[in-house]
Every structure is written in C-alpha cells, then in structure tokens.
file run.txt (compact mmCIF, C-alpha atoms)
# COMPACT_ATOMS: atom_id res chain seq x y z
CA MET A 115 96.97 111.67 110.83
CA ASP A 116 100.40 112.77 112.09
CA ASN A 117 103.74 111.11 111.29
CA LYS A 118 103.73 108.98 114.43
CA LYS A 119 100.29 107.53 113.71
CA TRP A 120 101.32 106.77 110.13
CA TYR A 121 104.50 105.13 111.39
CA LEU A 122 102.57 102.89 113.80
CA LYS A 123 100.01 102.01 111.14
CA GLY A 124 102.93 101.13 108.86
CA ILE A 125 104.35 98.74 111.45
CA LYS A 126 100.97 97.08 111.90
CA ASP A 127 100.36 96.65 108.17
CA GLY A 128 104.00 95.65 107.67
CA MET A 129 103.81 92.71 110.08
CA PRO A 130 102.22 90.23 107.65
CA ILE A 131 104.77 91.32 105.06
CA ALA A 132 107.60 90.74 107.51
CA LEU A 133 106.34 87.25 108.32
CA GLY A 134 105.98 86.39 104.65
CA TYR A 135 109.45 87.78 103.99
CA PHE A 136 110.90 85.67 106.73
CA ALA A 137 109.67 82.48 105.06
CA VAL A 138 110.70 83.57 101.57
CA ALA A 139 114.08 84.81 102.81
CA PHE A 140 114.68 81.47 104.46
CA THR A 141 114.42 79.73 101.09
CA LEU A 142 116.57 82.47 99.56
CA GLY A 143 119.18 81.70 102.21
CA ILE A 144 119.18 78.06 101.17
CA ALA A 145 119.81 79.18 97.58
CA ALA A 146 122.62 81.45 98.78
CA LYS A 147 124.23 78.59 100.65
CA ASN A 148 124.09 76.41 97.55
CA SER A 149 125.86 79.23 95.68
CA GLY A 150 128.74 79.19 98.13
CA VAL A 151 127.78 82.49 99.77
CA THR A 152 128.39 82.79 103.52
CA ALA A 153 125.64 83.76 105.95
CA ALA A 154 127.19 87.19 106.55
CA GLN A 155 127.52 87.89 102.83
CA ALA A 156 123.93 86.77 102.21
CA PHE A 157 122.79 89.04 105.06
CA LEU A 158 124.67 91.97 103.55
CA ALA A 159 123.29 91.33 100.05
CA THR A 160 119.70 91.07 101.21
CA ILE A 161 119.70 94.00 103.62
CA LEU A 162 121.11 96.19 100.83
CA THR A 163 118.82 95.02 98.02
CA ASN A 164 115.48 93.96 99.55
CA ALA A 165 114.63 92.04 96.39
CA SER A 166 113.71 88.37 96.24
CA ALA A 167 113.95 87.50 92.54
CA GLY A 168 116.94 89.80 92.22
CA GLY A 169 118.56 88.03 95.15
CA TYR A 170 118.04 84.58 93.67
CA ALA A 171 119.44 85.69 90.32
CA GLY A 172 122.36 87.46 91.99
CA PHE A 173 123.40 84.38 93.97
CA ASN A 174 123.24 82.35 90.76
CA ILE A 175 125.58 84.76 89.00
CA ILE A 176 127.96 84.56 91.97
CA ALA A 177 127.85 80.75 91.86
CA GLU A 178 128.59 80.68 88.13
CA ASN A 179 131.10 83.53 88.45
CA SER A 180 129.55 85.05 85.32
CA GLY A 181 131.17 88.47 85.63
CA TYR A 182 130.25 91.94 86.85
CA LEU A 183 128.51 93.03 83.66
CA ALA A 184 126.24 89.97 83.71
CA MET A 185 125.39 90.81 87.30
CA ALA A 186 124.49 94.40 86.45
CA VAL A 187 122.36 93.47 83.42
CA THR A 188 120.54 90.68 85.26
CA GLN A 189 119.72 92.92 88.20
CA LEU A 190 118.46 95.60 85.84
CA VAL A 191 116.20 93.23 83.91
CA ILE A 192 114.79 91.43 86.93
CA ASN A 193 114.22 94.56 88.99
CA VAL A 194 113.12 96.98 86.29
CA ARG A 195 109.52 96.69 87.49
CA TYR A 196 110.63 98.73 90.51
CA LEU A 197 111.28 101.57 88.07
CA LEU A 198 107.59 101.65 87.18
CA MET A 199 106.56 101.29 90.81
CA SER A 200 108.80 104.19 91.77
CA CYS A 201 107.31 106.31 88.98
CA ALA A 202 103.84 105.54 90.31
CA LEU A 203 104.92 106.27 93.90
CA SER A 204 106.47 109.59 92.85
CA GLN A 205 102.90 110.71 92.14
CA LYS A 206 101.58 109.27 95.36
CA LEU A 207 103.92 111.37 97.51
CA SER A 208 103.15 115.03 98.05
CA SER A 209 105.31 117.21 95.80
CA LYS A 210 106.61 118.81 99.01
CA THR A 211 108.21 115.53 100.17
CA SER A 212 111.98 116.14 100.49
CA ILE A 213 114.71 114.31 98.57
CA LEU A 214 115.86 112.63 101.78
CA HIS A 215 112.41 111.17 102.46
CA ARG A 216 112.12 110.11 98.82
CA THR A 217 115.52 108.40 98.98
CA ILE A 218 114.64 106.43 102.11
CA VAL A 219 111.27 105.39 100.64
CA ALA A 220 113.10 104.33 97.45
CA PHE A 221 115.45 102.08 99.41
CA ASP A 222 112.64 99.65 100.14
CA VAL A 223 110.30 99.77 97.16
CA THR A 224 109.33 96.10 97.02
CA ASP A 225 106.31 94.39 95.51
CA GLU A 226 104.70 94.12 98.92
CA ILE A 227 105.49 97.56 100.31
CA PHE A 228 104.43 99.05 97.00
CA ALA A 229 101.10 97.25 97.40
CA LEU A 230 100.71 98.82 100.84
CA SER A 231 101.71 102.27 99.63
CA VAL A 232 99.19 102.36 96.81
CA SER A 233 96.38 101.16 99.06
CA VAL A 234 96.66 104.43 101.05
CA LYS A 235 93.94 106.94 100.22
CA GLY A 236 95.26 110.27 98.96
CA ASN A 237 98.87 111.30 99.47
CA LEU A 238 101.36 108.81 100.86
CA ASN A 239 103.09 109.81 104.10
CA PRO A 240 106.71 108.51 104.00
CA PHE A 241 106.42 107.53 107.66
CA TYR A 242 103.90 104.88 106.67
CA ASN A 243 106.62 103.28 104.55
CA TYR A 244 109.17 103.64 107.36
CA GLY A 245 106.75 101.79 109.62
CA ALA A 246 106.35 98.97 107.11
CA MET A 247 110.12 98.84 106.61
CA THR A 248 110.82 98.52 110.35
CA PRO A 249 109.80 94.87 110.73
CA SER A 250 110.23 93.94 107.04
CA ILE A 251 113.88 94.72 106.42
CA PRO A 252 115.25 92.87 109.48
CA CYS A 253 112.99 89.86 108.86
CA TRP A 254 114.15 89.76 105.27
CA ALA A 255 117.86 89.93 106.11
CA PHE A 256 117.80 87.67 109.19
CA GLY A 257 115.57 85.17 107.35
CA THR A 258 118.24 84.86 104.68
CA TYR A 259 120.97 84.62 107.30
CA LEU A 260 119.14 81.82 109.10
CA GLY A 261 118.41 80.08 105.80
CA VAL A 262 122.15 79.85 105.16
CA VAL A 263 123.00 78.79 108.69
CA MET A 264 120.25 76.30 109.37
CA GLY A 265 119.24 74.99 105.98
CA ASN A 266 115.85 73.48 105.58
CA ILE A 267 114.24 73.31 109.03
CA LEU A 268 110.84 74.71 108.06
CA PRO A 269 108.63 71.74 107.13
CA PHE A 270 107.93 71.87 103.41
CA THR A 271 104.18 72.26 103.85
CA VAL A 272 104.60 75.24 106.16
CA ALA A 273 107.02 77.00 103.82
CA ASN A 274 104.60 76.28 100.97
CA ALA A 275 101.66 77.74 102.84
CA LEU A 276 103.57 80.86 103.87
CA SER A 277 104.66 81.54 100.32
CA VAL A 278 101.02 82.16 99.40
CA GLY A 279 100.65 84.80 102.10
CA LEU A 280 102.23 87.48 99.98
CA TYR A 281 99.83 86.81 97.12
CA GLY A 282 96.96 87.03 99.58
CA MET A 283 98.16 90.50 100.45
CA PHE A 284 98.27 91.51 96.80
CA LEU A 285 94.68 90.30 96.44
CA ALA A 286 93.62 92.37 99.43
CA THR A 287 95.01 95.40 97.60
CA ILE A 288 93.42 94.98 94.18
CA VAL A 289 90.09 93.28 94.94
CA PRO A 290 88.48 96.22 96.80
CA ALA A 291 89.49 98.59 93.98
CA ALA A 292 88.14 96.16 91.35
CA LYS A 293 84.89 95.89 93.29
CA LYS A 294 84.37 99.65 93.20
CA ASP A 295 85.58 100.31 89.67
CA LYS A 296 84.45 98.10 86.78
CA ILE A 297 87.30 99.35 84.58
CA ILE A 298 89.85 98.15 87.12
CA LEU A 299 87.99 94.84 87.36
CA ARG A 300 88.32 94.36 83.61
CA ILE A 301 91.98 95.36 83.69
CA VAL A 302 92.71 92.89 86.49
CA ILE A 303 91.05 90.01 84.65
CA ILE A 304 92.75 90.82 81.34
CA SER A 305 96.14 91.17 83.06
CA MET A 306 95.79 87.80 84.74
CA LEU A 307 94.71 86.07 81.52
CA LEU A 308 97.62 87.56 79.58
CA SER A 309 99.98 86.60 82.38
CA LEU A 310 98.71 83.01 82.17
CA ILE A 311 99.17 83.00 78.39
CA PHE A 312 102.71 84.35 78.72
CA ALA A 313 103.52 81.75 81.35
CA LYS A 314 102.17 78.78 79.41
CA LEU A 315 102.53 79.30 75.66
CA PRO A 316 105.68 77.97 74.00
CA LEU A 317 108.20 80.72 73.13
CA LEU A 318 106.39 83.26 75.31
CA MET A 319 107.09 81.13 78.38
CA GLN A 320 110.82 81.49 77.77
CA ILE A 321 110.59 85.18 78.64
CA PRO A 322 111.97 85.54 82.20
CA SER A 323 109.22 86.44 84.69
CA GLY A 324 110.80 89.82 85.49
CA PHE A 325 110.51 90.73 81.83
CA ARG A 326 107.00 89.32 81.56
CA ILE A 327 105.87 91.59 84.38
CA ILE A 328 107.33 94.70 82.78
CA ILE A 329 106.09 93.93 79.24
CA LEU A 330 102.53 93.27 80.40
CA THR A 331 102.51 96.19 82.83
CA VAL A 332 103.54 98.66 80.14
CA ALA A 333 101.28 97.18 77.44
CA VAL A 334 98.12 96.79 79.51
CA SER A 335 98.47 100.05 81.47
CA LEU A 336 99.13 101.98 78.27
CA ALA A 337 96.12 100.42 76.54
CA ALA A 338 93.98 101.19 79.59
CA ALA A 339 95.26 104.78 79.76
CA LEU A 340 94.37 105.33 76.10
CA LEU A 341 90.99 103.58 76.24
CA PHE A 342 89.91 104.76 79.69
CA PRO A 343 91.73 107.99 80.52
CA LEU A 344 90.95 109.23 84.02
CA LYS A 345 88.24 111.85 84.22
CA GLU A 346 89.06 115.29 85.53
CA GLU A 347 87.43 114.70 88.90
CA GLU A 348 89.32 111.41 89.35
CA LEU A 349 92.56 113.23 88.57
CA ALA A 350 91.69 115.82 91.17
CA ASN A 351 90.99 113.53 94.11
CA GLU A 352 93.44 110.77 93.23
CA MET B 52 140.30 83.38 88.96
CA SER B 53 137.21 84.14 90.97
CA ASN B 54 135.67 87.59 91.02
CA ASN B 55 135.32 89.41 94.33
CA ILE B 56 132.01 88.59 95.99
CA TYR B 57 131.78 91.98 97.67
CA ILE B 58 131.98 93.71 94.31
CA TYR B 59 129.17 91.44 93.12
CA ILE B 60 127.10 92.40 96.15
CA PHE B 61 127.84 96.07 95.62
CA ILE B 62 126.65 95.83 91.98
CA MET B 63 123.45 94.12 93.16
CA PHE B 64 122.88 96.97 95.58
CA ALA B 65 123.83 99.82 93.23
CA VAL B 66 121.68 98.68 90.29
CA THR B 67 118.66 97.82 92.41
CA PHE B 68 118.83 101.07 94.39
CA LEU B 69 119.33 103.32 91.35
CA ILE B 70 116.29 101.79 89.64
CA ARG B 71 114.21 102.71 92.68
CA VAL B 72 115.66 106.06 93.61
CA ILE B 73 115.93 107.79 90.21
CA PRO B 74 112.19 108.03 89.45
CA LEU B 75 111.28 108.88 93.04
CA THR B 76 113.74 111.75 93.35
CA LEU B 77 113.64 113.02 89.77
CA ILE B 78 109.88 113.12 89.27
CA ARG B 79 109.02 115.60 91.99
CA LYS B 80 106.14 117.47 90.46
CA LYS B 81 102.70 116.12 89.83
CA ILE B 82 102.56 114.94 86.24
CA THR B 83 99.86 116.88 84.40
CA ASN B 84 99.71 114.86 81.18
CA ARG B 85 96.42 113.01 81.36
CA THR B 86 97.50 109.87 79.50
CA LEU B 87 100.67 109.54 81.55
CA ARG B 88 98.76 110.02 84.79
CA SER B 89 96.17 107.48 83.75
CA PHE B 90 99.00 105.09 82.82
CA LEU B 91 100.65 105.43 86.23
CA TYR B 92 97.27 105.09 87.92
CA TYR B 93 96.68 101.70 86.26
CA VAL B 94 100.27 100.40 86.73
CA PRO B 95 99.81 98.99 90.26
CA TYR B 96 96.70 96.99 89.38
CA VAL B 97 98.28 95.46 86.30
CA THR B 98 101.61 94.71 88.00
CA LEU B 99 99.98 93.10 91.02
CA SER B 100 97.58 91.07 88.86
CA VAL B 101 100.41 89.77 86.71
CA MET B 102 102.42 88.88 89.80
CA ILE B 103 99.51 87.06 91.48
CA PHE B 104 98.43 84.93 88.57
CA PRO B 105 99.40 82.26 87.66
CA ALA B 106 102.17 82.37 90.31
CA ILE B 107 99.74 81.76 93.20
CA ILE B 108 98.63 78.41 91.80
CA GLU B 109 102.21 77.38 91.07
CA ALA B 110 103.63 78.37 94.45
CA THR B 111 102.04 75.43 96.25
CA ASP B 112 102.47 71.70 96.04
CA SER B 113 99.17 71.10 94.26
CA VAL B 114 97.22 73.32 91.91
CA VAL B 115 94.09 72.61 93.97
CA SER B 116 95.41 74.32 97.11
CA GLY B 117 96.65 77.28 95.06
CA VAL B 118 93.27 77.75 93.39
CA ALA B 119 91.57 77.46 96.79
CA ALA B 120 93.89 80.11 98.22
CA LEU B 121 93.11 82.38 95.30
CA ALA B 122 89.36 81.86 95.74
CA ALA B 123 89.53 82.38 99.51
CA GLY B 124 91.59 85.54 99.06
CA VAL B 125 89.25 87.04 96.47
CA ILE B 126 86.12 86.30 98.51
CA LEU B 127 87.52 87.64 101.79
CA ALA B 128 88.95 90.75 100.15
CA TYR B 129 85.63 91.31 98.39
CA PHE B 130 83.87 91.38 101.74
CA GLY B 131 86.32 93.90 103.11
CA VAL B 132 88.74 91.75 105.14
CA GLY B 133 92.09 93.56 105.53
CA LEU B 134 95.61 92.74 104.38
CA LEU B 135 96.57 90.60 107.36
CA GLY B 136 93.29 88.66 107.42
CA VAL B 137 93.39 87.81 103.73
CA SER B 138 97.04 86.91 103.92
CA VAL B 139 96.67 84.58 106.91
CA CYS B 140 93.52 82.93 105.56
CA SER B 141 95.23 82.19 102.23
CA CYS B 142 98.07 80.48 104.10
CA VAL B 143 95.69 78.50 106.32
CA THR B 144 93.68 77.40 103.27
CA VAL B 145 96.79 76.07 101.55
CA PHE B 146 97.99 74.35 104.70
CA ALA B 147 94.62 72.70 105.36
CA ILE B 148 94.12 71.49 101.81
CA GLU B 149 97.65 70.15 101.46
CA MET B 150 97.21 68.28 104.73
CA LEU B 151 93.93 66.82 103.43
CA ILE B 152 95.55 65.74 100.18
CA LYS B 153 98.48 64.20 102.04
CA TYR B 154 96.53 62.21 104.62
CA LEU B 155 93.30 61.29 102.86

call {"tool": "encode", "arguments": {"input": "run.txt", "output": "structure tokens"}}
result
Amino acid sequence: MDNKKWYLKGIKDGMPIALGYFAVAFTLGIAAKNSGVTAAQAFLATILTNASAGGYAGFNIIAENSGYLAMAVTQLVINVRYLLMSCALSQKLSSKTSILHRTIVAFDVTDEIFALSVSVKGNLNPFYNYGAMTPSIPCWAFGTYLGVVMGNILPFTVANALSVGLYGMFLATIVPAAKKDKIILRIVIISMLLSLIFAKLPLLMQIPSGFRIIILTVAVSLAAALLFPLKEEELANE
Amino acid sequence: MSNNIYIYIFIMFAVTFLIRVIPLTLIRKKITNRTLRSFLYYVPYVTLSVMIFPAIIEATDSVVSGVAALAAGVILAYFGVGLLGVSVCSCVTVFAIEMLIKYL
C-alpha cells in the first residue's frame, strides 16, 4: 500500500477514536473549568499534550498551584507508559523511517493510536498514524474547549456509554491476537487479574493508575519474555 | 503569588513530548537482543489488558453494564468484528443496559 492509502485507512480507523476522544475531552474540559483554566488555555494544553490522564492531573496541579516541579514529576509519572509504547513503536517502524517522521508519530502516541499502530501487520507506515491523528487531535482539543465553554450538556448516560468505546477498541486489538496465540491469551488473562488485584487490594490500590500500568507492564512483559522468548521465525516476520 | 499558567502548560507539553519522542528517535535500529525484542513484543498486550480491566467495569454507572460491554466486546472481537464495530457495540450495550436498569 502507498502512503496515500495508508493515510486514508488511518483516517477511517481513527474515526471511532476521534468520537471517543470527543466525549472524554468534554469531561476533561469540565475538569479544566473547575480548575479555573480558560477554554483557550485548555485547548492549548490538550492540543499540545494529547493525554487524558496527564491532562486531568495537570489541571489539578494548576488549580492547587503546586509548583512547576510538581507538574513535571506528575506528568512524568502519569505518562511514563508512553515511554514503553514509544520503545515498542520504534521497532514497528522501518529502520529507514526518518527522524522527522518519527518525531511527528511521537507527538501523538496515545493509548488508542498505539493500539491502532500495533494492530498493523508488519512495518508501520507513519502515514497511517497521520491519518489517525487527523480527526483525533482536533476532536480531542475542541472537545476540551467545548467542555469548558458549555459544561455538562451531554446526558450522563450518553457520556457513560461513550467512555466504554475506547475500551472496546482496545479489546478489538488484543482479542484476535489472543485467539491466535495461546501465550498471548495467557498473558492477557494474567495481566487483567493482576490489574484487578492492584486496583482492589489495600495498600496496592493506593498506587496511582499510571504507575500501576507501568509496574505491571514491565513485570509481566519481562516474565513473558524470559519464559516465552520469541522463536527465530517469529522474530523474522514480526 | 500564582504561578504562570502558560509555563505550567509548557511543562505539560515538554515532559509528555520528550517521553514519547526520545525512544522513537533514539532507537532507530532493529533491536537484536532476543529477550528485549520479546519484551517489547509483549508490552502492547500487557499494557492494553491492564488498561481495559478493571477500568471498563468501573467506567459505567453499574458494574452490570460494564461487564456486559466487556463480554460483548470480547465475543465480537473473537468473531473478527473490526475496531469500529466492537467500539460502537460496546457503547450501545452500556446504553441499553443502563436504560433498562433505570426504567425497569
């Protein structure tokens, strides 16, 4: 497929993400408003960061006026999972992909666009990401803007329902792989169980969710890599 | 005295962007170490699993609709329905069940 086809496919696959973002961003906008951030400032923050949990945390820091260092540390902790995602994506791109393309792809490494990128067979064409970014980034930023301006106009049930859409997308990414590969199936089940334990057990549940994601990702992926290293032929056609 | 909000926003941007751009631009070659490659191969599945569960059942008003959305998503994805289809059906499932709970 050429760049144009990848770009168009990216737009198509990015549409559900954009719609989900719009709903999530709307609630983020309400949080921004409660933090005393104007619509324009919220727009600027979201179009530059493209991060939901990071956005929430950032607006909280602004509201509490906790200082620049607190802001930097919080953003690092909450968003550090993107570091792992970017490491994984660095292997998904052809080694010939230029620094410029890599930088633009990096700008919008989000949970959802990462899910799309890894679902591509073989090497990732950066234009696929650009396609997905085209509806996603504006929906994300304008959703936040409208959230600040208009407050809570989405009926609660609708906002609730839309918030599940992003998880549905994640499922569509991992279930087919788990169906084909029993090792991945086991890893998925174990990851979910551990995630539940971390979310519910006393003490463990105090770990912020951004940290929980990174701890479990490193621990489970490392265990899997040691127990089930990829075979040579899998390495070759991955 | 209040800190400058634009400096706050710039820090949000700088930290988040650096986290994303450093690995993507610095790791340009294919990693040859087998364990490291296997690790990075498994990362997406673990990350996505951890993000889905238990968050999906906590995102909605009632646990029932969240569990139903999870079940619907798994079944549809298992039978090869694409991203958009699974996503929309999960939303519709939650909406329908929450309506039932509300009005029955």

call {"tool": "interface_residues", "arguments": {"input": "run.txt", "of": "chain B", "to": "chain A", "cutoff": "6 Å", "atoms": "all atoms listed in the file", "output": "mmCIF file with C-alpha atoms, keeping the file's coordinate frame"}}
result
data_model
loop_
_atom_site.group_PDB
_atom_site.id
_atom_site.type_symbol
_atom_site.label_atom_id
_atom_site.label_comp_id
_atom_site.auth_asym_id
_atom_site.auth_seq_id
_atom_site.Cartn_x
_atom_site.Cartn_y
_atom_site.Cartn_z
ATOM 1 C CA ILE B 60 127.100 92.400 96.150
ATOM 2 C CA PHE B 64 122.880 96.970 95.580
ATOM 3 C CA ILE B 70 116.290 101.790 89.640
ATOM 4 C CA ARG B 71 114.210 102.710 92.680
ATOM 5 C CA VAL B 72 115.660 106.060 93.610
ATOM 6 C CA PRO B 74 112.190 108.030 89.450
ATOM 7 C CA LEU B 75 111.280 108.880 93.040
ATOM 8 C CA THR B 76 113.740 111.750 93.350
ATOM 9 C CA ARG B 79 109.020 115.600 91.990
ATOM 10 C CA LYS B 80 106.140 117.470 90.460
ATOM 11 C CA LYS B 81 102.700 116.120 89.830
ATOM 12 C CA THR B 86 97.500 109.870 79.500
ATOM 13 C CA SER B 89 96.170 107.480 83.750
ATOM 14 C CA PHE B 90 99.000 105.090 82.820
ATOM 15 C CA LEU B 91 100.650 105.430 86.230
ATOM 16 C CA TYR B 93 96.680 101.700 86.260
ATOM 17 C CA VAL B 94 100.270 100.400 86.730
ATOM 18 C CA VAL B 97 98.280 95.460 86.300
ATOM 19 C CA THR B 98 101.610 94.710 88.000
ATOM 20 C CA SER B 100 97.580 91.070 88.860
ATOM 21 C CA VAL B 101 100.410 89.770 86.710
ATOM 22 C CA ILE B 103 99.510 87.060 91.480
ATOM 23 C CA PHE B 104 98.430 84.930 88.570
ATOM 24 C CA PRO B 105 99.400 82.260 87.660
ATOM 25 C CA THR B 111 102.040 75.430 96.250
ATOM 26 C CA GLY B 124 91.590 85.540 99.060
ATOM 27 C CA ALA B 128 88.950 90.750 100.150
ATOM 28 C CA TYR B 129 85.630 91.310 98.390
ATOM 29 C CA LEU B 134 95.610 92.740 104.380
ATOM 30 C CA LEU B 135 96.570 90.600 107.360
ATOM 31 C CA VAL B 137 93.390 87.810 103.730
ATOM 32 C CA SER B 138 97.040 86.910 103.920
ATOM 33 C CA SER B 141 95.230 82.190 102.230
ATOM 34 C CA CYS B 142 98.070 80.480 104.100
ATOM 35 C CA VAL B 145 96.790 76.070 101.550
ATOM 36 C CA PHE B 146 97.990 74.350 104.700
#

call {"tool": "atom_distance", "arguments": {"input": "run.txt", "atom1": "CA of Met63 in chain B", "atom2": "CA of Gly150 in chain A"}}
result
16.6 Å

call {"tool": "atom_distance", "arguments": {"input": "run.txt", "atom1": "CA of Cys253 in chain A", "atom2": "CA of Phe140 in chain A"}}
result
9.6 Å

call {"tool": "atom_distance", "arguments": {"input": "run.txt", "atom1": "CA of Ala132 in chain A", "atom2": "CA of Phe241 in chain A"}}
result
16.8 Å

call {"tool": "closest_residue", "arguments": {"input": "run.txt", "among": "B:Leu127, B:Val115, B:Ile73, B:Ile82", "to": "Val139 in chain B", "atoms": "only C-alpha atoms"}}
result
B:Leu127

call {"tool": "residues_near_point", "arguments": {"input": "run.txt", "point": "(115.8, 82.7, 110.3)", "cutoff": "12 Å", "atoms": "all atoms listed in the file", "output": "PyMOL selection string"}}
result
chain A and resi 132-144+153+157+252-268

call {"tool": "build_atoms", "arguments": {"input": "run.txt", "residues": "range 189-218 of chain A", "atoms": "N, CA and C atoms", "output": "compact mmCIF listing (two decimals), in the frame of the given file"}}
result
# COMPACT_ATOMS: atom_id res chain seq x y z
N GLN A 189 120.43 92.17 87.16
CA GLN A 189 119.72 92.92 88.20
C GLN A 189 118.80 93.96 87.59
N LEU A 190 119.27 94.58 86.52
CA LEU A 190 118.46 95.60 85.84
C LEU A 190 117.19 94.98 85.27
N VAL A 191 117.35 93.85 84.57
CA VAL A 191 116.20 93.23 83.91
C VAL A 191 115.20 92.73 84.94
N ILE A 192 115.70 92.04 85.96
CA ILE A 192 114.79 91.43 86.93
C ILE A 192 114.09 92.48 87.78
N ASN A 193 114.78 93.58 88.06
CA ASN A 193 114.22 94.56 88.99
C ASN A 193 113.61 95.78 88.31
N VAL A 194 113.55 95.77 86.98
CA VAL A 194 113.12 96.98 86.29
C VAL A 194 111.66 97.34 86.62
N ARG A 195 110.89 96.36 87.10
CA ARG A 195 109.52 96.69 87.49
C ARG A 195 109.51 97.73 88.61
N TYR A 196 110.56 97.74 89.43
CA TYR A 196 110.63 98.73 90.51
C TYR A 196 110.69 100.15 89.95
N LEU A 197 111.23 100.26 88.72
CA LEU A 197 111.28 101.57 88.07
C LEU A 197 109.86 102.11 87.88
N LEU A 198 108.98 101.24 87.38
CA LEU A 198 107.59 101.65 87.18
C LEU A 198 106.90 101.94 88.51
N MET A 199 107.18 101.08 89.49
CA MET A 199 106.56 101.29 90.81
C MET A 199 107.00 102.62 91.39
N SER A 200 108.29 102.93 91.24
CA SER A 200 108.80 104.19 91.77
C SER A 200 108.19 105.39 91.04
N CYS A 201 107.99 105.25 89.73
CA CYS A 201 107.31 106.31 88.98
C CYS A 201 105.91 106.53 89.54
N ALA A 202 105.20 105.42 89.78
CA ALA A 202 103.84 105.54 90.31
C ALA A 202 103.87 106.16 91.71
N LEU A 203 104.83 105.73 92.54
CA LEU A 203 104.92 106.27 93.90
C LEU A 203 105.30 107.75 93.91
N SER A 204 106.07 108.18 92.89
CA SER A 204 106.47 109.59 92.85
C SER A 204 105.23 110.48 92.78
N GLN A 205 104.14 109.94 92.23
CA GLN A 205 102.90 110.71 92.14
C GLN A 205 102.05 110.56 93.39
N LYS A 206 102.36 109.56 94.16
CA LYS A 206 101.58 109.27 95.36
C LYS A 206 102.06 110.15 96.53
N LEU A 207 103.36 110.49 96.48
CA LEU A 207 103.92 111.37 97.51
C LEU A 207 103.54 112.80 97.22
N SER A 208 103.39 113.60 98.26
CA SER A 208 103.15 115.03 98.05
C SER A 208 104.38 115.63 97.38
N SER A 209 104.17 116.62 96.49
CA SER A 209 105.31 117.21 95.80
C SER A 209 106.23 117.94 96.77
N LYS A 210 105.77 118.15 98.00
CA LYS A 210 106.61 118.81 99.01
C LYS A 210 107.56 117.83 99.70
N THR A 211 107.37 116.53 99.50
CA THR A 211 108.21 115.53 100.17
C THR A 211 109.67 115.72 99.76
N SER A 212 110.57 115.81 100.76
CA SER A 212 111.98 116.14 100.49
C SER A 212 112.71 114.99 99.81
N ILE A 213 113.87 115.31 99.24
CA ILE A 213 114.71 114.31 98.57
C ILE A 213 115.13 113.23 99.56
N LEU A 214 115.43 113.61 100.78
CA LEU A 214 115.86 112.63 101.78
C LEU A 214 114.75 111.61 102.02
N HIS A 215 113.53 112.09 102.25
CA HIS A 215 112.41 111.17 102.46
C HIS A 215 112.20 110.29 101.23
N ARG A 216 112.32 110.88 100.05
CA ARG A 216 112.12 110.11 98.82
C ARG A 216 113.19 109.02 98.69
N THR A 217 114.42 109.37 99.08
CA THR A 217 115.52 108.40 98.98
C THR A 217 115.30 107.22 99.92
N ILE A 218 114.85 107.52 101.15
CA ILE A 218 114.64 106.43 102.11
C ILE A 218 113.46 105.55 101.65
